[in-house]
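Engineer: My file is run06.txt. It has compact mmCIF, N, CA and C atoms:
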```
# COMPACT_ATOMS: atom_id res chain seq x y z
N MET A 1 -57.76 -1.73 -58.53
CA MET A 1 -58.32 -2.45 -57.39
C MET A 1 -59.85 -2.32 -57.44
N HIS A 2 -60.50 -3.41 -57.23
CA HIS A 2 -61.96 -3.39 -57.17
C HIS A 2 -62.41 -2.85 -55.83
N LEU A 3 -63.46 -2.09 -55.86
CA LEU A 3 -63.97 -1.49 -54.62
C LEU A 3 -64.74 -2.50 -53.78
N ALA A 4 -65.20 -3.58 -54.41
CA ALA A 4 -66.06 -4.54 -53.70
C ALA A 4 -65.30 -5.28 -52.60
N TYR A 5 -64.03 -5.60 -52.82
CA TYR A 5 -63.29 -6.39 -51.83
C TYR A 5 -63.14 -5.67 -50.49
N PRO A 6 -62.61 -4.44 -50.47
CA PRO A 6 -62.53 -3.76 -49.17
C PRO A 6 -63.90 -3.40 -48.60
N ALA A 7 -64.87 -3.16 -49.47
CA ALA A 7 -66.21 -2.83 -48.97
C ALA A 7 -66.85 -4.02 -48.27
N VAL A 8 -66.68 -5.22 -48.83
CA VAL A 8 -67.22 -6.42 -48.19
C VAL A 8 -66.48 -6.71 -46.89
N LEU A 9 -65.15 -6.55 -46.91
CA LEU A 9 -64.38 -6.76 -45.68
C LEU A 9 -64.79 -5.76 -44.60
N ALA A 10 -65.00 -4.51 -44.98
CA ALA A 10 -65.44 -3.50 -44.02
C ALA A 10 -66.83 -3.82 -43.48
N ALA A 11 -67.71 -4.31 -44.34
CA ALA A 11 -69.05 -4.68 -43.88
C ALA A 11 -68.99 -5.84 -42.89
N LEU A 12 -68.12 -6.81 -43.16
CA LEU A 12 -67.96 -7.94 -42.23
C LEU A 12 -67.37 -7.47 -40.90
N LEU A 13 -66.37 -6.59 -40.96
CA LEU A 13 -65.80 -6.04 -39.72
C LEU A 13 -66.85 -5.26 -38.93
N PHE A 14 -67.62 -4.45 -39.63
CA PHE A 14 -68.64 -3.66 -38.94
C PHE A 14 -69.71 -4.55 -38.34
N ALA A 15 -70.12 -5.59 -39.07
CA ALA A 15 -71.14 -6.52 -38.54
C ALA A 15 -70.61 -7.26 -37.33
N THR A 16 -69.33 -7.66 -37.36
CA THR A 16 -68.74 -8.33 -36.21
C THR A 16 -68.69 -7.40 -35.00
N GLY A 17 -68.32 -6.14 -35.23
CA GLY A 17 -68.30 -5.16 -34.14
C GLY A 17 -69.68 -4.89 -33.58
N LEU A 18 -70.66 -4.79 -34.47
CA LEU A 18 -72.04 -4.55 -34.02
C LEU A 18 -72.55 -5.72 -33.19
N TYR A 19 -72.24 -6.94 -33.63
CA TYR A 19 -72.63 -8.11 -32.84
C TYR A 19 -71.96 -8.08 -31.47
N GLY A 20 -70.69 -7.70 -31.44
CA GLY A 20 -69.98 -7.62 -30.17
C GLY A 20 -70.57 -6.60 -29.23
N VAL A 21 -71.01 -5.46 -29.76
CA VAL A 21 -71.62 -4.43 -28.92
C VAL A 21 -72.95 -4.91 -28.36
N LEU A 22 -73.74 -5.59 -29.20
CA LEU A 22 -75.07 -6.01 -28.77
C LEU A 22 -75.06 -7.27 -27.91
N ALA A 23 -74.10 -8.17 -28.11
CA ALA A 23 -74.14 -9.46 -27.44
C ALA A 23 -73.23 -9.57 -26.22
N ARG A 24 -72.20 -8.78 -26.15
CA ARG A 24 -71.23 -8.93 -25.05
C ARG A 24 -71.74 -8.26 -23.79
N ARG A 25 -71.28 -8.78 -22.68
CA ARG A 25 -71.66 -8.23 -21.38
C ARG A 25 -70.50 -7.53 -20.70
N ASN A 26 -69.27 -7.83 -21.12
CA ASN A 26 -68.10 -7.23 -20.51
C ASN A 26 -67.83 -5.88 -21.17
N ALA A 27 -67.58 -4.87 -20.37
CA ALA A 27 -67.41 -3.51 -20.90
C ALA A 27 -66.16 -3.40 -21.76
N ILE A 28 -65.10 -4.11 -21.43
CA ILE A 28 -63.88 -4.05 -22.22
C ILE A 28 -64.11 -4.66 -23.60
N LEU A 29 -64.85 -5.75 -23.67
CA LEU A 29 -65.15 -6.36 -24.96
C LEU A 29 -66.06 -5.47 -25.80
N VAL A 30 -66.94 -4.73 -25.15
CA VAL A 30 -67.77 -3.77 -25.88
C VAL A 30 -66.91 -2.66 -26.47
N LEU A 31 -65.93 -2.17 -25.71
CA LEU A 31 -65.02 -1.16 -26.24
C LEU A 31 -64.21 -1.70 -27.42
N MET A 32 -63.79 -2.95 -27.33
CA MET A 32 -63.05 -3.56 -28.45
C MET A 32 -63.94 -3.69 -29.68
N SER A 33 -65.20 -3.97 -29.48
CA SER A 33 -66.13 -4.07 -30.60
C SER A 33 -66.36 -2.72 -31.26
N VAL A 34 -66.40 -1.67 -30.46
CA VAL A 34 -66.53 -0.32 -31.02
C VAL A 34 -65.30 0.01 -31.86
N GLU A 35 -64.14 -0.42 -31.40
CA GLU A 35 -62.91 -0.21 -32.17
C GLU A 35 -62.97 -0.95 -33.50
N LEU A 36 -63.53 -2.15 -33.51
CA LEU A 36 -63.70 -2.88 -34.77
C LEU A 36 -64.58 -2.10 -35.74
N MET A 37 -65.64 -1.53 -35.23
CA MET A 37 -66.53 -0.75 -36.08
C MET A 37 -65.82 0.49 -36.63
N LEU A 38 -65.02 1.16 -35.81
CA LEU A 38 -64.27 2.32 -36.29
C LEU A 38 -63.23 1.92 -37.33
N ASN A 39 -62.61 0.75 -37.17
CA ASN A 39 -61.65 0.28 -38.17
C ASN A 39 -62.35 -0.04 -39.49
N ALA A 40 -63.57 -0.51 -39.45
CA ALA A 40 -64.32 -0.75 -40.68
C ALA A 40 -64.58 0.57 -41.40
N VAL A 41 -64.91 1.60 -40.65
CA VAL A 41 -65.11 2.91 -41.25
C VAL A 41 -63.81 3.43 -41.87
N ASN A 42 -62.69 3.23 -41.16
CA ASN A 42 -61.40 3.66 -41.70
C ASN A 42 -61.07 2.93 -42.99
N LEU A 43 -61.35 1.65 -43.05
CA LEU A 43 -61.10 0.88 -44.26
C LEU A 43 -61.92 1.40 -45.42
N ASN A 44 -63.17 1.74 -45.17
CA ASN A 44 -64.02 2.32 -46.21
C ASN A 44 -63.50 3.68 -46.67
N LEU A 45 -63.06 4.51 -45.73
CA LEU A 45 -62.54 5.83 -46.10
C LEU A 45 -61.33 5.71 -47.02
N VAL A 46 -60.40 4.83 -46.68
CA VAL A 46 -59.20 4.67 -47.49
C VAL A 46 -59.55 4.04 -48.84
N ALA A 47 -60.42 3.05 -48.85
CA ALA A 47 -60.79 2.38 -50.10
C ALA A 47 -61.47 3.35 -51.07
N PHE A 48 -62.38 4.16 -50.57
CA PHE A 48 -63.03 5.12 -51.45
C PHE A 48 -62.07 6.23 -51.88
N ASP A 49 -61.11 6.58 -51.03
CA ASP A 49 -60.11 7.56 -51.41
C ASP A 49 -59.26 7.05 -52.57
N VAL A 50 -58.85 5.78 -52.51
CA VAL A 50 -58.07 5.19 -53.60
C VAL A 50 -58.92 5.04 -54.85
N TRP A 51 -60.16 4.64 -54.68
CA TRP A 51 -61.04 4.41 -55.83
C TRP A 51 -61.37 5.71 -56.57
N LEU A 52 -61.59 6.78 -55.81
CA LEU A 52 -61.91 8.07 -56.43
C LEU A 52 -60.68 8.81 -56.92
N ARG A 53 -59.49 8.34 -56.54
CA ARG A 53 -58.23 8.97 -56.91
C ARG A 53 -58.24 10.47 -56.57
N ASP A 54 -58.59 10.73 -55.34
CA ASP A 54 -58.67 12.10 -54.85
C ASP A 54 -57.26 12.68 -54.73
N THR A 55 -57.02 13.86 -55.29
CA THR A 55 -55.69 14.46 -55.23
C THR A 55 -55.36 15.01 -53.84
N LEU A 56 -56.38 15.36 -53.08
CA LEU A 56 -56.16 15.86 -51.72
C LEU A 56 -56.04 14.76 -50.69
N HIS A 57 -56.39 13.55 -51.06
CA HIS A 57 -56.39 12.39 -50.15
C HIS A 57 -57.21 12.69 -48.89
N ALA A 58 -58.41 13.16 -49.10
CA ALA A 58 -59.28 13.52 -47.99
C ALA A 58 -59.68 12.30 -47.16
N GLY A 59 -59.87 11.15 -47.81
CA GLY A 59 -60.23 9.94 -47.08
C GLY A 59 -59.14 9.50 -46.13
N GLN A 60 -57.89 9.61 -46.57
CA GLN A 60 -56.79 9.23 -45.70
C GLN A 60 -56.59 10.22 -44.57
N ALA A 61 -56.84 11.50 -44.83
CA ALA A 61 -56.76 12.51 -43.77
C ALA A 61 -57.84 12.27 -42.73
N LEU A 62 -59.06 11.97 -43.19
CA LEU A 62 -60.13 11.67 -42.24
C LEU A 62 -59.84 10.41 -41.44
N THR A 63 -59.16 9.45 -42.08
CA THR A 63 -58.78 8.23 -41.36
C THR A 63 -57.81 8.54 -40.22
N LEU A 64 -56.87 9.44 -40.46
CA LEU A 64 -55.94 9.81 -39.39
C LEU A 64 -56.67 10.48 -38.22
N PHE A 65 -57.64 11.34 -38.54
CA PHE A 65 -58.43 11.95 -37.47
C PHE A 65 -59.24 10.90 -36.71
N THR A 66 -59.79 9.94 -37.43
CA THR A 66 -60.58 8.87 -36.79
C THR A 66 -59.70 8.02 -35.88
N ILE A 67 -58.48 7.74 -36.32
CA ILE A 67 -57.57 6.95 -35.49
C ILE A 67 -57.22 7.72 -34.21
N ALA A 68 -56.98 9.02 -34.33
CA ALA A 68 -56.67 9.83 -33.14
C ALA A 68 -57.84 9.88 -32.18
N ILE A 69 -59.04 10.04 -32.72
CA ILE A 69 -60.24 10.07 -31.86
C ILE A 69 -60.46 8.71 -31.21
N ALA A 70 -60.22 7.63 -31.96
CA ALA A 70 -60.39 6.28 -31.41
C ALA A 70 -59.40 6.02 -30.29
N ALA A 71 -58.17 6.52 -30.44
CA ALA A 71 -57.17 6.33 -29.37
C ALA A 71 -57.58 7.08 -28.11
N ALA A 72 -58.08 8.29 -28.27
CA ALA A 72 -58.55 9.04 -27.11
C ALA A 72 -59.76 8.37 -26.48
N GLU A 73 -60.65 7.88 -27.31
CA GLU A 73 -61.87 7.22 -26.81
C GLU A 73 -61.54 5.96 -26.02
N ILE A 74 -60.61 5.16 -26.53
CA ILE A 74 -60.28 3.92 -25.84
C ILE A 74 -59.53 4.21 -24.54
N GLY A 75 -58.72 5.27 -24.53
CA GLY A 75 -58.01 5.63 -23.29
C GLY A 75 -58.97 6.08 -22.20
N ILE A 76 -59.90 6.95 -22.55
CA ILE A 76 -60.88 7.44 -21.58
C ILE A 76 -61.84 6.32 -21.18
N GLY A 77 -62.28 5.55 -22.17
CA GLY A 77 -63.20 4.45 -21.87
C GLY A 77 -62.59 3.41 -20.96
N LEU A 78 -61.33 3.06 -21.21
CA LEU A 78 -60.67 2.08 -20.36
C LEU A 78 -60.47 2.62 -18.95
N ALA A 79 -60.16 3.91 -18.82
CA ALA A 79 -60.03 4.51 -17.50
C ALA A 79 -61.35 4.47 -16.74
N ILE A 80 -62.45 4.74 -17.43
CA ILE A 80 -63.77 4.70 -16.78
C ILE A 80 -64.10 3.27 -16.37
N VAL A 81 -63.83 2.30 -17.24
CA VAL A 81 -64.13 0.90 -16.92
C VAL A 81 -63.30 0.44 -15.72
N LEU A 82 -62.02 0.82 -15.67
CA LEU A 82 -61.19 0.43 -14.53
C LEU A 82 -61.67 1.07 -13.23
N MET A 83 -62.11 2.32 -13.29
CA MET A 83 -62.62 2.99 -12.10
C MET A 83 -63.92 2.33 -11.62
N VAL A 84 -64.79 2.00 -12.55
CA VAL A 84 -66.04 1.32 -12.19
C VAL A 84 -65.73 -0.06 -11.61
N TYR A 85 -64.75 -0.76 -12.18
CA TYR A 85 -64.39 -2.09 -11.67
C TYR A 85 -63.84 -1.98 -10.24
N ARG A 86 -63.05 -0.97 -9.97
CA ARG A 86 -62.51 -0.80 -8.62
C ARG A 86 -63.63 -0.49 -7.61
N ASN A 87 -64.59 0.33 -8.03
CA ASN A 87 -65.66 0.71 -7.11
C ASN A 87 -66.71 -0.37 -6.94
N ARG A 88 -67.09 -1.03 -8.03
CA ARG A 88 -68.20 -1.99 -7.98
C ARG A 88 -67.75 -3.44 -7.94
N GLY A 89 -66.52 -3.73 -8.39
CA GLY A 89 -66.03 -5.10 -8.36
C GLY A 89 -66.42 -5.93 -9.56
N THR A 90 -67.02 -5.33 -10.58
CA THR A 90 -67.40 -6.07 -11.78
C THR A 90 -67.37 -5.12 -12.98
N ALA A 91 -67.13 -5.72 -14.15
CA ALA A 91 -67.20 -4.96 -15.40
C ALA A 91 -68.35 -5.47 -16.26
N ASP A 92 -69.25 -6.26 -15.66
CA ASP A 92 -70.41 -6.79 -16.37
C ASP A 92 -71.46 -5.69 -16.50
N ILE A 93 -71.84 -5.38 -17.71
CA ILE A 93 -72.74 -4.26 -17.97
C ILE A 93 -74.11 -4.48 -17.36
N ASP A 94 -74.63 -5.69 -17.45
CA ASP A 94 -75.96 -5.96 -16.89
C ASP A 94 -75.97 -5.79 -15.37
N LYS A 95 -74.93 -6.28 -14.70
CA LYS A 95 -74.87 -6.13 -13.24
C LYS A 95 -74.72 -4.66 -12.84
N LEU A 96 -73.97 -3.90 -13.62
CA LEU A 96 -73.82 -2.48 -13.32
C LEU A 96 -75.14 -1.75 -13.47
N ARG A 97 -75.90 -2.09 -14.50
CA ARG A 97 -77.20 -1.46 -14.71
C ARG A 97 -78.16 -1.85 -13.59
N ASP A 98 -78.15 -3.12 -13.18
CA ASP A 98 -79.02 -3.57 -12.09
C ASP A 98 -78.65 -2.89 -10.79
N ASN A 99 -77.35 -2.72 -10.53
CA ASN A 99 -76.92 -2.03 -9.31
C ASN A 99 -77.36 -0.58 -9.32
N ALA A 100 -77.26 0.07 -10.46
CA ALA A 100 -77.66 1.48 -10.55
C ALA A 100 -79.17 1.63 -10.36
N GLU A 101 -79.95 0.72 -10.95
CA GLU A 101 -81.40 0.79 -10.80
C GLU A 101 -81.82 0.51 -9.36
N SER A 102 -81.17 -0.44 -8.69
CA SER A 102 -81.52 -0.73 -7.30
C SER A 102 -81.12 0.42 -6.38
N ALA A 103 -80.02 1.09 -6.70
CA ALA A 103 -79.60 2.23 -5.89
C ALA A 103 -80.59 3.39 -6.06
N ARG A 104 -81.08 3.61 -7.28
CA ARG A 104 -82.06 4.67 -7.51
C ARG A 104 -83.37 4.38 -6.80
N SER A 105 -83.81 3.13 -6.85
CA SER A 105 -85.06 2.80 -6.18
C SER A 105 -84.92 2.88 -4.67
N ALA A 106 -83.75 2.57 -4.14
CA ALA A 106 -83.53 2.69 -2.70
C ALA A 106 -83.54 4.15 -2.27
N GLN A 107 -83.02 5.03 -3.10
CA GLN A 107 -83.04 6.46 -2.77
C GLN A 107 -84.46 7.01 -2.81
N ARG A 108 -85.26 6.52 -3.74
CA ARG A 108 -86.64 6.99 -3.81
C ARG A 108 -87.47 6.48 -2.64
N ASP A 109 -87.15 5.29 -2.14
CA ASP A 109 -87.92 4.70 -1.04
C ASP A 109 -87.61 5.37 0.29
N GLN A 110 -86.41 5.91 0.45
CA GLN A 110 -86.04 6.54 1.71
C GLN A 110 -86.63 7.95 1.77
N PRO A 111 -87.30 8.28 2.87
CA PRO A 111 -87.82 9.65 3.00
C PRO A 111 -86.67 10.63 3.20
N ASP A 112 -86.90 11.85 2.80
CA ASP A 112 -85.89 12.89 2.91
C ASP A 112 -85.77 13.29 4.39
N ALA A 113 -84.54 13.33 4.92
CA ALA A 113 -84.31 13.64 6.32
C ALA A 113 -84.67 15.09 6.64
N THR A 114 -84.45 16.00 5.71
CA THR A 114 -84.76 17.41 5.99
C THR A 114 -86.26 17.63 6.07
N ALA A 115 -87.04 16.87 5.33
CA ALA A 115 -88.49 17.03 5.40
C ALA A 115 -89.01 16.58 6.76
N GLU A 116 -88.41 15.53 7.34
CA GLU A 116 -88.84 15.06 8.65
C GLU A 116 -88.54 16.07 9.74
N THR A 117 -87.36 16.72 9.66
CA THR A 117 -87.01 17.68 10.70
C THR A 117 -87.88 18.92 10.59
N GLU A 118 -88.27 19.33 9.38
CA GLU A 118 -89.14 20.48 9.24
C GLU A 118 -90.54 20.19 9.78
N VAL A 119 -91.03 18.97 9.60
CA VAL A 119 -92.34 18.60 10.11
C VAL A 119 -92.30 18.55 11.64
N ALA A 120 -91.20 18.05 12.21
CA ALA A 120 -91.10 17.95 13.66
C ALA A 120 -90.97 19.31 14.32
N ALA A 121 -90.42 20.26 13.65
CA ALA A 121 -90.22 21.60 14.22
C ALA A 121 -91.49 22.36 14.13
```
In structure tokens, write the structure found in this file.

Structural biologist:
Amino acid sequence: MHLAYPAVLAALLFATGLYGVLARRNAILVLMSVELMLNAVNLNLVAFDVWLRDTLHAGQALTLFTIAIAAAEIGIGLAIVLMVYRNRGTADIDKLRDNAESARSAQRDQPDATAETEVAA
């Protein structure tokens, strides 16, 4: 097997995932794009393992660890996205960032209540 075929496919998968992370606004689609990038890495690990004819199959073992970590990551990430959607009503990343920035600026604009009571006393 030529190494170029899986390497080119992995590069295309990784580029597609990177574009999805940079261009998408929905948090679930961003998580799916990260999964695409991890699958490209897994494809490279297995392809190089076959190409090097490693007797320990270290590339395939690392792929299993990557799959387990990706499953945990997507489970936790999806739980966080669902919780944010319930609280804020949107999964749009730009709107969430704007809401967080406006909340921070509103907190900075409000004077501290304890400082006012100390001055009055």

Engineer: Write out as a ChimeraX atom specification the set of residues from chain A that DSSP, computed on the backbone, places in alpha helix (DSSP H).

Structural biologist: /A:4-23,27-52,58-88,93-109,113-120

Engineer: Need to verify the contact set: region 66-83 of chain A, 8 Å, only C-alpha atoms, exclusion of same-chain residues closer than 2 positions in sequence. Can you return it as a list in words?

Structural biologist: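 Within the cut-off, the hits are Ala27, Ile28, Leu31, Glu35, Leu38, Asn42, Leu62, Thr63, Leu64, Tyr85, Arg86, Asn87 and Ala91 of chain A.
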
Engineer: Please write the residues from the selection above to a file, keeping N, CA and C atoms, as a short mmCIF file (atom, residue, chain, number, x, y, z; two decimals), keeping the file's coordinate frame.

Structural biologist:
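The new file result00.cif reads:
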```cif
data_model
loop_
_atom_site.label_atom_id
_atom_site.label_comp_id
_atom_site.auth_asym_id
_atom_site.auth_seq_id
_atom_site.Cartn_x
_atom_site.Cartn_y
_atom_site.Cartn_z
N ALA A 27 -67.58 -4.87 -20.37
CA ALA A 27 -67.41 -3.51 -20.90
C ALA A 27 -66.16 -3.40 -21.76
N ILE A 28 -65.10 -4.11 -21.43
CA ILE A 28 -63.88 -4.05 -22.22
C ILE A 28 -64.11 -4.66 -23.60
N LEU A 31 -65.93 -2.17 -25.71
CA LEU A 31 -65.02 -1.16 -26.24
C LEU A 31 -64.21 -1.70 -27.42
N GLU A 35 -64.14 -0.42 -31.40
CA GLU A 35 -62.91 -0.21 -32.17
C GLU A 35 -62.97 -0.95 -33.50
N LEU A 38 -65.02 1.16 -35.81
CA LEU A 38 -64.27 2.32 -36.29
C LEU A 38 -63.23 1.92 -37.33
N ASN A 42 -62.69 3.23 -41.16
CA ASN A 42 -61.40 3.66 -41.70
C ASN A 42 -61.07 2.93 -42.99
N LEU A 62 -59.06 11.97 -43.19
CA LEU A 62 -60.13 11.67 -42.24
C LEU A 62 -59.84 10.41 -41.44
N THR A 63 -59.16 9.45 -42.08
CA THR A 63 -58.78 8.23 -41.36
C THR A 63 -57.81 8.54 -40.22
N LEU A 64 -56.87 9.44 -40.46
CA LEU A 64 -55.94 9.81 -39.39
C LEU A 64 -56.67 10.48 -38.22
N TYR A 85 -64.75 -0.76 -12.18
CA TYR A 85 -64.39 -2.09 -11.67
C TYR A 85 -63.84 -1.98 -10.24
N ARG A 86 -63.05 -0.97 -9.97
CA ARG A 86 -62.51 -0.80 -8.62
C ARG A 86 -63.63 -0.49 -7.61
N ASN A 87 -64.59 0.33 -8.03
CA ASN A 87 -65.66 0.71 -7.11
C ASN A 87 -66.71 -0.37 -6.94
N ALA A 91 -67.13 -5.72 -14.15
CA ALA A 91 -67.20 -4.96 -15.40
C ALA A 91 -68.35 -5.47 -16.26
#
```

Engineer: What does the distance from CA of Gly89 (chain A) to CA of Glu101 (chain A) come to in Å, to one decimal?

Structural biologist: 16.6 Å

Engineer: What does the distance from CA of Val8 (chain A) to CA of Arg24 (chain A) come to in Å, to one decimal?

Structural biologist: 23.6 Å

Engineer: I need the residue nearest Leu36 (chain A) from this list: A:Arg53, A:Leu9, A:Gln110, A:Phe48. Use only C-alpha atoms for the distance.

Structural biologist: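 So, comparing all the options, the nearest one is A:Leu9.
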
Engineer: What gap, in Å, lies between atom C of Ser102 (chain A) and CA of Arg25 (chain A)?

Structural biologist: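 Answer for the atom C of Ser102 (chain A) to CA of Arg25 (chain A) separation: 19.7 Å.
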